[in-house]
file my_file-v9.tsv (TSV, C-alpha atoms)
chain	number	residue	atom	x	y	z
F	6	MET	CA	0.00	0.00	0.00
F	7	ALA	CA	1.12	3.54	-0.67
F	8	ILE	CA	-0.04	7.02	0.14
F	9	ARG	CA	-0.77	8.82	-3.10
F	10	GLU	CA	-0.75	12.56	-3.71
F	11	ILE	CA	-4.20	14.13	-3.55
F	12	ILE	CA	-4.76	16.62	-6.34
F	13	ILE	CA	-5.91	20.04	-5.19
F	14	LEU	CA	-8.13	22.72	-6.71
F	15	PRO	CA	-7.60	24.34	-9.28
F	16	ASP	CA	-6.17	21.15	-10.89
F	17	LYS	CA	-8.21	20.63	-14.08
F	18	GLN	CA	-8.24	16.83	-13.59
F	19	LEU	CA	-10.88	17.38	-10.88
F	20	ARG	CA	-13.29	18.35	-13.69
F	21	LEU	CA	-12.80	15.12	-15.66
F	22	VAL	CA	-15.65	12.62	-15.94
F	23	SER	CA	-14.25	9.30	-14.72
F	24	LYS	CA	-14.43	6.15	-16.83
F	25	PRO	CA	-16.27	3.01	-15.70
F	26	VAL	CA	-14.19	0.21	-14.19
F	27	GLU	CA	-14.48	-2.63	-16.74
F	28	LYS	CA	-13.35	-5.42	-14.43
F	29	VAL	CA	-12.18	-5.82	-10.83
F	30	THR	CA	-8.48	-6.57	-11.28
F	31	THR	CA	-5.42	-6.74	-9.05
F	32	GLU	CA	-4.65	-3.14	-10.12
F	33	ILE	CA	-8.13	-1.98	-9.04
F	34	ARG	CA	-7.72	-3.71	-5.66
F	35	LYS	CA	-4.31	-2.09	-5.21
F	36	LEU	CA	-5.73	1.32	-6.14
F	37	ALA	CA	-8.50	0.84	-3.54
F	38	ASP	CA	-5.89	-0.12	-0.88
F	39	ASP	CA	-3.78	2.93	-1.74
F	40	MET	CA	-6.88	5.13	-1.65
F	41	PHE	CA	-7.76	3.90	1.86
F	42	GLU	CA	-4.23	4.58	3.07
F	43	THR	CA	-4.30	8.05	1.46
F	44	MET	CA	-7.77	8.82	2.85
F	45	TYR	CA	-6.89	7.75	6.41
F	46	ASP	CA	-3.63	9.70	6.27
F	47	ALA	CA	-5.36	12.91	5.08
F	48	PRO	CA	-7.61	12.30	7.19
F	49	GLY	CA	-10.94	12.03	5.40
F	50	ILE	CA	-14.07	9.87	5.25
F	51	GLY	CA	-14.36	9.48	1.48
F	52	LEU	CA	-12.12	9.59	-1.57
F	53	ALA	CA	-12.81	9.30	-5.29
F	54	ALA	CA	-10.12	7.82	-7.53
F	55	ILE	CA	-9.93	11.04	-9.57
F	56	GLN	CA	-8.63	12.79	-6.43
F	57	VAL	CA	-5.47	10.68	-6.73
F	58	ALA	CA	-5.32	11.41	-10.48
F	59	GLN	CA	-6.99	8.11	-11.55
F	60	PRO	CA	-10.07	8.91	-13.69
F	61	LEU	CA	-11.92	5.70	-12.76
F	62	ARG	CA	-15.37	5.28	-11.20
F	63	LEU	CA	-14.07	4.05	-7.84
F	64	ILE	CA	-14.79	5.40	-4.35
F	65	THR	CA	-13.44	4.47	-0.93
F	66	MET	CA	-15.34	5.48	2.19
F	67	ASP	CA	-15.17	4.89	5.92
F	68	LEU	CA	-17.89	6.35	8.09
F	69	ALA	CA	-16.46	4.69	11.23
F	70	LYS	CA	-18.61	4.91	14.33
F	71	LYS	CA	-17.46	4.97	17.92
F	72	ASP	CA	-18.59	1.89	19.84
F	73	GLU	CA	-19.92	1.88	23.42
F	74	ASN	CA	-16.33	1.93	24.76
F	75	GLY	CA	-15.58	5.10	22.77
F	76	GLU	CA	-13.30	3.20	20.38
F	77	THR	CA	-13.58	3.88	16.67
F	78	LYS	CA	-14.21	0.77	14.63
F	79	PRO	CA	-13.09	1.17	11.01
F	80	LYS	CA	-15.75	0.36	8.44
F	81	PRO	CA	-13.97	0.55	5.08
F	82	ARG	CA	-16.21	0.31	2.01
F	83	VAL	CA	-15.47	0.32	-1.72
F	84	PHE	CA	-17.95	1.42	-4.39
F	85	ILE	CA	-17.14	0.58	-8.01
F	86	ASN	CA	-19.18	2.24	-10.78
F	87	PRO	CA	-21.61	3.69	-8.23
F	88	GLU	CA	-24.76	5.38	-9.45
F	89	ILE	CA	-27.71	7.06	-7.81
F	90	ILE	CA	-30.88	5.36	-9.00
F	91	SER	CA	-33.33	7.45	-6.99
F	92	SER	CA	-33.34	10.46	-4.64
F	93	SER	CA	-35.78	11.67	-2.05
F	94	GLU	CA	-37.59	14.96	-2.56
F	95	GLU	CA	-36.77	15.77	1.06
F	96	MET	CA	-33.51	17.67	1.36
F	97	SER	CA	-30.93	17.90	4.13
F	98	ILE	CA	-28.04	20.25	4.81
F	99	TYR	CA	-24.61	19.10	5.95
F	100	GLU	CA	-21.37	20.98	6.30
F	101	GLU	CA	-19.08	19.49	3.66
F	102	GLY	CA	-15.36	19.62	3.13
F	103	CYS	CA	-13.13	18.02	0.53
F	104	LEU	CA	-9.60	16.65	0.57
F	105	SER	CA	-9.06	18.37	-2.81
F	106	ILE	CA	-10.21	21.71	-1.34
F	107	PRO	CA	-8.33	21.60	1.99
F	108	GLU	CA	-9.51	23.49	5.05
F	109	TYR	CA	-12.61	24.89	3.33
F	110	TYR	CA	-16.04	23.92	4.67
F	111	GLU	CA	-19.48	25.06	3.66
F	112	GLU	CA	-23.08	23.93	4.13
F	113	VAL	CA	-24.51	22.11	1.10
F	114	GLU	CA	-28.11	21.05	0.49
F	115	ARG	CA	-28.62	17.63	-1.09
F	116	PRO	CA	-31.35	14.97	-1.17
F	117	ALA	CA	-31.75	13.49	2.33
F	118	ARG	CA	-31.96	9.91	1.01
F	119	VAL	CA	-30.69	8.18	-2.11
F	120	ARG	CA	-30.77	4.66	-3.47
F	121	ILE	CA	-27.49	3.58	-5.01
F	122	ARG	CA	-26.28	0.73	-7.19
F	123	TYR	CA	-22.62	-0.26	-7.18
F	124	THR	CA	-20.22	-3.16	-7.62
F	125	ASP	CA	-18.00	-4.39	-4.76
F	126	LEU	CA	-14.42	-5.71	-4.93
F	127	ASP	CA	-15.76	-9.23	-5.49
F	128	GLY	CA	-17.56	-8.06	-8.63
F	129	LYS	CA	-21.02	-8.38	-7.04
F	130	VAL	CA	-23.66	-5.73	-7.80
F	131	HIS	CA	-25.56	-4.25	-4.85
F	132	GLU	CA	-28.43	-1.84	-4.34
F	133	GLU	CA	-28.62	0.04	-1.07
F	134	ASP	CA	-30.49	2.91	0.55
F	135	ALA	CA	-28.40	5.70	2.05
F	136	ASP	CA	-29.43	8.45	4.43
F	137	GLY	CA	-27.78	10.89	6.83
F	138	LEU	CA	-24.01	11.29	6.51
F	139	PHE	CA	-23.79	8.23	4.22
F	140	ALA	CA	-26.22	9.83	1.72
F	141	THR	CA	-24.30	13.11	1.76
F	142	CYS	CA	-20.89	11.44	1.43
F	143	ILE	CA	-21.88	9.08	-1.41
F	144	GLN	CA	-23.45	11.96	-3.37
F	145	HIS	CA	-20.32	14.10	-2.81
F	146	GLU	CA	-18.03	11.31	-4.04
F	147	ILE	CA	-20.22	10.37	-7.03
F	148	ASP	CA	-20.16	14.07	-7.97
F	149	HIS	CA	-16.35	13.81	-8.10
F	150	LEU	CA	-16.68	10.96	-10.62
F	151	ASN	CA	-18.75	13.33	-12.77
F	152	GLY	CA	-16.33	16.27	-12.50
F	153	VAL	CA	-18.55	18.14	-10.01
F	154	LEU	CA	-17.22	19.69	-6.79
F	155	PHE	CA	-19.19	20.61	-3.67
F	156	VAL	CA	-18.35	24.28	-4.25
F	157	ASP	CA	-20.49	24.07	-7.42
F	158	TYR	CA	-23.53	24.03	-5.10
F	159	LEU	CA	-22.59	27.36	-3.50
F	160	SER	CA	-23.58	30.85	-4.58
F	161	LYS	CA	-21.55	32.27	-7.45
F	162	LEU	CA	-19.95	34.78	-5.06
F	163	LYS	CA	-18.75	32.11	-2.59
F	164	ARG	CA	-17.65	29.79	-5.41
F	165	ASP	CA	-15.68	32.55	-7.18
F	166	ARG	CA	-14.03	33.51	-3.89
F	167	VAL	CA	-12.84	29.97	-3.14
F	168	MET	CA	-11.70	29.38	-6.74
F	169	LYS	CA	-9.63	32.60	-6.65
F	170	LYS	CA	-8.12	31.66	-3.28
F	171	PHE	CA	-6.98	28.23	-4.53
F	172	ALA	CA	-5.76	29.63	-7.88
F	173	LYS	CA	-3.57	32.15	-5.98
F	174	ALA	CA	-2.24	29.42	-3.66
F	175	ALA	CA	-1.37	27.25	-6.69
F	176	LYS	CA	0.48	30.17	-8.32
F	177	ARG	CA	2.45	30.78	-5.10
F	178	ALA	CA	3.30	27.07	-4.82
F	179	ALA	CA	4.48	26.99	-8.44
F	180	GLY	CA	6.87	29.85	-7.63

call {"tool": "encode", "arguments": {"input": "my_file-v9.tsv", "output": "structure tokens"}}
result
Amino acid sequence: MAIREIIILPDKQLRLVSKPVEKVTTEIRKLADDMFETMYDAPGIGLAAIQVAQPLRLITMDLAKKDENGETKPKPRVFINPEIISSSEEMSIYEEGCLSIPEYYEEVERPARVRIRYTDLDGKVHEEDADGLFATCIQHEIDHLNGVLFVDYLSKLKRDRVMKKFAKAAKRAAG
């Protein structure tokens, strides 16, 4: 396993539409392992393959919960070729952040519940209902696969401000 570099706004790769994973291979499993290591190191709760410069429809997620002893139990999950097949009309608002837009958080309104279809690392197709943080996180990560960022849901003023801030930081970093 290896920690990969997370690409940061304004990197144009973040706007790419990721390609479907044709088959679960050793390379795909290795990518998922690397993504978990990268995500935990960041630290984050979800990561799309495009964020480590791999334009594939692959997401890793861990919405670990604390048990009754206060210990966090990891709950790593992989979603290959995930898609939202239905969304609730009811909306919910969560404060979102993104490993590709570090240290920037904003409230985003999304459907409160979604039904998703995805393939697991064994090549099995699943359908599942998601609500709460899971619904928000899976929608955020699927957006990444479609070249959409959470800042796209903000007002033009807020979005322009954050885009300018990250463009300036990238210029400074480039020297």

call {"tool": "residues_around", "arguments": {"input": "my_file-v9.tsv", "residues": "Arg122 in chain F", "least_positions_apart": "5", "cutoff": "12 Å", "atoms": "only C-alpha atoms", "output": "ChimeraX atom specification"}}
result
/F:84-91,129-135,143,147

call {"tool": "residues_around", "arguments": {"input": "my_file-v9.tsv", "residues": "range 49-55 of chain F", "least_positions_apart": "6", "cutoff": "7 Å", "atoms": "all atoms listed in the file", "output": "ChimeraX atom specification"}}
result
/F:19,23,40,61-68,104,142,146,149-150

call {"tool": "atom_distance", "arguments": {"input": "my_file-v9.tsv", "atom1": "CA of Phe155 in chain F", "atom2": "CA of Val113 in chain F"}}
result
7.3 Å

call {"tool": "residues_around", "arguments": {"input": "my_file-v9.tsv", "residues": "Ala117 in chain F", "least_positions_apart": "5", "cutoff": "7 Å", "atoms": "all atoms listed in the file", "output": "tab-separated table (two decimals) with C-alpha atoms, in the coordinates of the input"}}
result
chain	number	residue	atom	x	y	z
F	93	SER	CA	-35.78	11.67	-2.05
F	95	GLU	CA	-36.77	15.77	1.06
F	96	MET	CA	-33.51	17.67	1.36
F	97	SER	CA	-30.93	17.90	4.13
F	136	ASP	CA	-29.43	8.45	4.43
F	137	GLY	CA	-27.78	10.89	6.83
F	140	ALA	CA	-26.22	9.83	1.72

call {"tool": "residues_near_point", "arguments": {"input": "my_file-v9.tsv", "point": "(-23.4, 25.4, 5.4)", "cutoff": "7 Å", "atoms": "only C-alpha atoms", "output": "ChimeraX atom specification"}}
result
/F:98-100,111-113

call {"tool": "residues_near_point", "arguments": {"input": "my_file-v9.tsv", "point": "(-8.9, 17.8, -15.9)", "cutoff": "10 Å", "atoms": "all atoms listed in the file", "output": "JSON, numbers by chain"}}
result
{"F": [15, 16, 17, 18, 19, 20, 21, 22, 55, 58, 60, 152]}
